[in-house]
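Student: What follows is a structure written as C-alpha cells; I'll ask about it next.
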Protein chains: 2
Amino acid sequence: MPRPREFDPDLVLDRAVELFWAKGYEGTSISDLEEHLGLGRQSLYGTFGDKHELYVKAMDRYAASQSWTRRDLLKPDAGAEEIGQYFKGLISAVTQEPRRSCMLINAAIEGDCEHPKVAGRCTDNQQNLTRAFRHALEGAIAKGQLDRKTDTNALALAMVSQSFGLNVMARNGASPATLARVAESVMQVFK
Amino acid sequence: MPRPREFDPDLVLDRAVELFWAKGYEGTSISDLEEHLGLGRQSLYGTFGDKHELYVKAMDRYAASQSWTRRDLLKPDAGAEEIGQYFKGLISAVTQEPRRSCMLINAAIEGDCEHPKVAGRCTDNQQNLTRAFRHALEGAIAKGQLDRKTDTNALALAMVSQSFGLNVMARNGASPATLARVAESVMQVFK
DNA sequence: GCCATTATTGACTTCTCGGTCAATATCTCA
DNA sequence: TGAGATATTGACCGAGAAGTCAATAATGGC
C-alpha cells in the first residue's frame, strides 16, 4: 500500500495562505511556495494540483479561517453592538503591520477574479457578509436601535461597502484613528 | 542635432494606462507594451525609463485624466446634489464591462504599493477625494441639507470609504442597481 | 554634404517562471 | 519478505520575463 505523506496538508495550506495573502497570486512563485511550505515541487503538485488549484484551495482555507469574524453578527440577538464590534475588529485587523487587506478582496482586484472559481469565492464572501449585516440590522430594529422602516438590505450592502473600503484605506496607510472615525460615522445610523 | 521622436509620449502613455489599468503591473509585460503602444523596446526604455518608472508615469497620467470626476464636488456652491452625482458617475464607471476598478485602488492592493512612489500616489488620491467630499459637505451644511453639527471630516472619510468599497463590490459582480442602493443609503445623511 | 546627436530596430543575454520526468525512498498488505 | 503503490527528490524543459547592445536611420548646425 502507499507510502504515507510526511506532512499535514492543512498546515501546509495555512502557509500557502500566508504567502498568497501577502504577495498575491502572480507575486507568488512555485519556488517561493517550495521554500516557505518546506516541501518539494512534486509533493506540491501531487497533493494540490497546479498553482491555480492550490490558490483556490488556499482561498477556501482562508475563508474558513476568517468566518468567525462574522459569528457575532449572526448571533440570534445581534444588533448595533455587534456591528460596532465587527468594525472594531476589522480595523484592528487591517492596520496590523505589514498592512494586509482581506485576501478575498485582493483576489477580486487582481486579474484572477476572471477565473470562475475565484470570482465565485469573492461573490460568496460578499453575500455572506451582506447576510450577516442584514441579520444584525434586523436585530437592531427589534431592539429599537434602528428606525423600523429602514431598508435593511440597502443598509447591509452599504456596510459591506464600508468594510471593503476600510480595507483599501488601510492599504493606503490610513491610521487606526482615521478608520475609527469612518466606523463611528457608520454607526451614526443607530439611535 | 537629434533625430526627433516619431510618437507623442502623452498618447503613448494613454495606451500604457489602458494596459496597466486592465492587467495590473505584474500582469503587463514589456512585450505587451511594445505591441499595444506600437513602439520598440529601446524607444520605450529611452523615453520612459524602466517598467516601474513607466508604471508610475502611467499612474500620474491616469490620475490627471480622472481628476475631472471630482470637479463638481469642488465647485464653490457644491452640496448634496453634487455628491449624489459623484456616486452616480462612479457607479456608472465601475459597472462598465469589462469591470475595472480605479487604477489607483488596484495599485494600492497590488504589492507594488510598497514602492514609495506608488504608495504616495495612492494616498494622494485618497486625500484629494477626502478634501473634495469635505468641501461639498460643508457646502451642504451651508445649504441646510445637513445637520450643522455634523463632523464633516469623519463623514468625508466615510464617503471615501464608500467610494472605494463600491469599486470592490463592482469587481465582485454587483449590479448597477445593487450599487445604486448603496449610494442611496449613503445619501440618507442629507435631510 | 558632413558631423554630432538622438531615435529606431531587432537580435541577444540572463534569469525565472510553471510544469514534468525519471529515479529513489518508504510504506502496507499478502 | 517482497510486491505494489504512492511520496519524495532533484534535475530538467520550453517559454517568456526584463533589460541591454550594436547597427542603422534621421535630423539640424556647420
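Going by the C-alpha cells order, chains are called A, B, ..., each with residues numbered from 1, while ligands are numbered from 1 in the order shown.
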Applying 8 Å and only C-alpha atoms (C1' of nucleotides), which residues near Val168 of chain B remain after dropping the ones on its own chain fewer than 2 positions away? List them as a list in words.
Tutor: Ile105, Ala108, Ile109, Ser161, Phe164 and Gly165 of chain A; Ser101, Phe164, Gly165, Leu166, Ala170, Arg171 and Asn172 of chain B
Student: Output the contact residues of chain B with respect to chain C at a cut-off of 8 Å, based on only C-alpha atoms (C1' of nucleotides), as a ChimeraX atom specification.
Tutor: /B:1-6,40,42-43
Student: Given a cut-off of 6 Å, which residues of chain D touch chain B, counting only C-alpha atoms (C1' of nucleotides), written out as a list of chain:residue names?
Tutor: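 Close to chain B, chain D has D:DA26, D:DT27, D:DG28.
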Student: Would you save the residues of that selection, restricted to N, CA and C atoms (P, O5', C5', C4', C3', O3' and C1' of nucleotides), as an mmCIF file, in the first residue's frame?
Tutor:
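Heads up, here's the output in result24.cif:
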data_model
loop_
_atom_site.group_PDB
_atom_site.id
_atom_site.type_symbol
_atom_site.label_atom_id
_atom_site.label_comp_id
_atom_site.auth_asym_id
_atom_site.auth_seq_id
_atom_site.Cartn_x
_atom_site.Cartn_y
_atom_site.Cartn_z
ATOM 1 P P DA D 26 15.356 56.869 -42.586
ATOM 2 O "O5'" DA D 26 15.391 58.257 -41.800
ATOM 3 C "C5'" DA D 26 14.502 58.426 -40.703
ATOM 4 C "C4'" DA D 26 14.982 59.594 -39.889
ATOM 5 C "C3'" DA D 26 15.049 60.934 -40.638
ATOM 6 O "O3'" DA D 26 14.226 61.857 -39.945
ATOM 7 C "C1'" DA D 26 17.018 60.564 -39.373
ATOM 8 P P DT D 27 13.581 63.050 -40.747
ATOM 9 O "O5'" DT D 27 14.447 64.296 -40.295
ATOM 10 C "C5'" DT D 27 14.125 64.969 -39.103
ATOM 11 C "C4'" DT D 27 15.383 65.414 -38.382
ATOM 12 C "C3'" DT D 27 15.954 66.734 -38.850
ATOM 13 O "O3'" DT D 27 15.216 67.807 -38.294
ATOM 14 C "C1'" DT D 27 17.620 65.177 -38.053
ATOM 15 P P DG D 28 15.213 69.207 -38.981
ATOM 16 O "O5'" DG D 28 16.480 69.878 -38.272
ATOM 17 C "C5'" DG D 28 16.499 69.975 -36.851
ATOM 18 C "C4'" DG D 28 17.809 70.581 -36.378
ATOM 19 C "C3'" DG D 28 18.154 71.943 -36.997
ATOM 20 O "O3'" DG D 28 18.794 72.744 -36.024
ATOM 21 C "C1'" DG D 28 19.825 70.351 -37.619
#
Student: In Å, how far is it from atom CA of Ala136 of chain A to atom CA of Val94 of chain A?
Tutor: 22.2 Å
Student: Using atom CA of Asp151 of chain B and atom CA of Ala78 of chain A as the two end points, give the distance in Å to one decimal.
Tutor: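 These atoms are spaced 27.6 Å apart.
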Student: Could you jot down the atom C1' of DG10 of chain D to atom CA of His36 of chain A separation for me, Å, one decimal place?
Tutor: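 Going from atom C1' of DG10 of chain D over to atom CA of His36 of chain A, I get 17.6 Å.
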Student: Please check the contacts: residues of chain B at most 9 Å away from chain A, using only C-alpha atoms, listed as a PyMOL selection string.
Tutor: chain B and resi 22-24+26-27+100-101+105-106+108-111+113+119-120+122-123+126+151+153-169+171-174+178-179+181-186+189
Student: Emit the selected residues as a CSV table (one decimal), in the first residue's frame, including N, CA and C atoms.
Tutor:
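And here is the file that came out, selection_11.csv:
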chain,number,residue,atom,x,y,z
B,22,ALA,N,-5.9,47.6,-17.1
B,22,ALA,CA,-6.6,46.4,-17.3
B,22,ALA,C,-6.0,45.2,-16.7
B,23,LYS,N,-4.6,45.2,-16.8
B,23,LYS,CA,-3.9,43.9,-16.4
B,23,LYS,C,-3.0,44.0,-15.2
B,24,GLY,N,-2.9,45.2,-14.7
B,24,GLY,CA,-2.1,45.4,-13.5
B,24,GLY,C,-0.6,45.5,-13.8
B,26,GLU,N,2.1,43.6,-12.6
B,26,GLU,CA,2.8,42.3,-12.9
B,26,GLU,C,2.2,41.6,-14.1
B,27,GLY,N,0.9,41.9,-14.4
B,27,GLY,CA,0.3,41.2,-15.5
B,27,GLY,C,0.6,41.8,-16.8
B,100,ARG,N,-13.7,47.3,-14.3
B,100,ARG,CA,-12.4,47.8,-13.9
B,100,ARG,C,-12.5,48.7,-12.7
B,101,SER,N,-11.8,48.4,-11.7
B,101,SER,CA,-11.8,49.3,-10.6
B,101,SER,C,-10.8,50.4,-10.8
B,105,ILE,N,-6.7,52.3,-6.9
B,105,ILE,CA,-7.1,51.3,-5.9
B,105,ILE,C,-6.4,50.0,-6.3
B,106,ASN,N,-6.4,49.6,-7.5
B,106,ASN,CA,-5.7,48.4,-8.0
B,106,ASN,C,-4.2,48.5,-7.5
B,108,ALA,N,-3.0,50.1,-5.0
B,108,ALA,CA,-2.9,50.0,-3.6
B,108,ALA,C,-3.0,48.6,-3.1
B,109,ILE,N,-3.8,47.8,-3.8
B,109,ILE,CA,-4.0,46.4,-3.4
B,109,ILE,C,-2.8,45.5,-4.0
B,110,GLU,N,-2.4,45.8,-5.2
B,110,GLU,CA,-1.2,45.0,-5.7
B,110,GLU,C,0.0,45.3,-4.8
B,111,GLY,N,0.9,44.4,-4.8
B,111,GLY,CA,2.0,44.5,-3.9
B,111,GLY,C,2.9,45.8,-4.1
B,113,CYS,N,2.3,48.7,-4.0
B,113,CYS,CA,2.1,49.9,-3.2
B,113,CYS,C,3.2,50.0,-2.1
B,119,ALA,N,2.9,54.2,-3.5
B,119,ALA,CA,2.2,54.5,-2.3
B,119,ALA,C,1.8,55.9,-2.2
B,120,GLY,N,2.7,56.8,-2.5
B,120,GLY,CA,2.4,58.2,-2.5
B,120,GLY,C,1.3,58.6,-3.4
B,122,CYS,N,-1.2,56.8,-4.3
B,122,CYS,CA,-2.4,56.2,-3.7
B,122,CYS,C,-2.9,57.1,-2.6
B,123,THR,N,-2.0,57.5,-1.7
B,123,THR,CA,-2.5,58.3,-0.6
B,123,THR,C,-2.9,59.7,-1.1
B,126,GLN,N,-6.4,59.4,-2.1
B,126,GLN,CA,-7.3,59.3,-1.0
B,126,GLN,C,-7.5,60.7,-0.4
B,151,ASP,N,-19.8,66.1,11.8
B,151,ASP,CA,-18.3,66.1,11.7
B,151,ASP,C,-18.0,65.8,10.2
B,153,ASN,N,-15.4,66.1,8.5
B,153,ASN,CA,-14.2,65.3,8.3
B,153,ASN,C,-14.4,63.8,8.3
B,154,ALA,N,-15.1,63.4,9.4
B,154,ALA,CA,-15.4,62.0,9.5
B,154,ALA,C,-16.3,61.5,8.4
B,155,LEU,N,-17.3,62.3,8.1
B,155,LEU,CA,-18.3,61.9,7.0
B,155,LEU,C,-17.6,61.9,5.7
B,156,ALA,N,-16.7,62.8,5.4
B,156,ALA,CA,-15.9,62.8,4.2
B,156,ALA,C,-15.1,61.5,4.1
B,157,LEU,N,-14.5,61.1,5.2
B,157,LEU,CA,-13.7,59.8,5.1
B,157,LEU,C,-14.6,58.6,4.9
B,158,ALA,N,-15.8,58.7,5.5
B,158,ALA,CA,-16.8,57.6,5.3
B,158,ALA,C,-17.2,57.5,3.8
B,159,MET,N,-17.3,58.7,3.2
B,159,MET,CA,-17.7,58.7,1.8
B,159,MET,C,-16.6,58.2,0.9
B,160,VAL,N,-15.3,58.5,1.3
B,160,VAL,CA,-14.2,57.9,0.6
B,160,VAL,C,-14.2,56.4,0.7
B,161,SER,N,-14.5,55.9,1.9
B,161,SER,CA,-14.6,54.5,2.1
B,161,SER,C,-15.6,53.9,1.2
B,162,GLN,N,-16.8,54.5,1.2
B,162,GLN,CA,-17.9,54.0,0.3
B,162,GLN,C,-17.5,54.0,-1.1
B,163,SER,N,-16.8,55.0,-1.6
B,163,SER,CA,-16.3,55.1,-3.0
B,163,SER,C,-15.4,53.9,-3.3
B,164,PHE,N,-14.5,53.6,-2.4
B,164,PHE,CA,-13.6,52.5,-2.6
B,164,PHE,C,-14.3,51.2,-2.5
B,165,GLY,N,-15.2,51.1,-1.5
B,165,GLY,CA,-16.0,49.9,-1.4
B,165,GLY,C,-16.8,49.6,-2.6
B,166,LEU,N,-17.4,50.6,-3.2
B,166,LEU,CA,-18.2,50.4,-4.5
B,166,LEU,C,-17.3,49.8,-5.6
B,167,ASN,N,-16.1,50.3,-5.6
B,167,ASN,CA,-15.2,49.7,-6.6
B,167,ASN,C,-15.0,48.2,-6.4
B,168,VAL,N,-14.8,47.8,-5.2
B,168,VAL,CA,-14.6,46.4,-4.9
B,168,VAL,C,-15.9,45.6,-5.2
B,169,MET,N,-17.0,46.1,-4.7
B,169,MET,CA,-18.2,45.4,-5.0
B,169,MET,C,-18.5,45.2,-6.5
B,171,ARG,N,-16.3,44.9,-8.7
B,171,ARG,CA,-15.4,43.9,-9.2
B,171,ARG,C,-15.9,42.5,-8.8
B,172,ASN,N,-16.7,42.5,-7.7
B,172,ASN,CA,-17.3,41.2,-7.3
B,172,ASN,C,-18.6,40.9,-8.1
B,173,GLY,N,-18.9,41.8,-9.1
B,173,GLY,CA,-20.0,41.5,-10.0
B,173,GLY,C,-21.3,42.1,-9.5
B,174,ALA,N,-21.3,43.0,-8.5
B,174,ALA,CA,-22.6,43.6,-8.1
B,174,ALA,C,-23.2,44.4,-9.3
B,178,THR,N,-27.7,47.2,-7.5
B,178,THR,CA,-27.3,47.0,-6.1
B,178,THR,C,-26.4,48.1,-5.6
B,179,LEU,N,-25.5,48.6,-6.5
B,179,LEU,CA,-24.6,49.7,-6.1
B,179,LEU,C,-25.4,51.0,-5.9
B,181,ARG,N,-28.3,51.1,-4.6
B,181,ARG,CA,-28.9,51.1,-3.3
B,181,ARG,C,-27.9,51.5,-2.2
B,182,VAL,N,-26.7,51.1,-2.4
B,182,VAL,CA,-25.6,51.6,-1.5
B,182,VAL,C,-25.6,53.1,-1.5
B,183,ALA,N,-25.5,53.7,-2.7
B,183,ALA,CA,-25.4,55.1,-2.8
B,183,ALA,C,-26.6,55.8,-2.2
B,184,GLU,N,-27.8,55.3,-2.4
B,184,GLU,CA,-29.0,55.8,-1.8
B,184,GLU,C,-28.9,55.8,-0.3
B,185,SER,N,-28.3,54.7,0.2
B,185,SER,CA,-28.2,54.6,1.6
B,185,SER,C,-27.2,55.7,2.2
B,186,VAL,N,-26.2,55.9,1.4
B,186,VAL,CA,-25.2,57.0,1.8
B,186,VAL,C,-25.9,58.3,1.8
B,189,VAL,N,-28.0,60.6,4.7
B,189,VAL,CA,-27.5,61.5,5.8
B,189,VAL,C,-28.0,62.9,5.5
Student: Can you list, as a VMD selection string, all residues belonging to segment 3-34 of chain A that DSSP tags as alpha helix (DSSP H)?
Tutor: chain A and resid 9 to 27 30 to 34
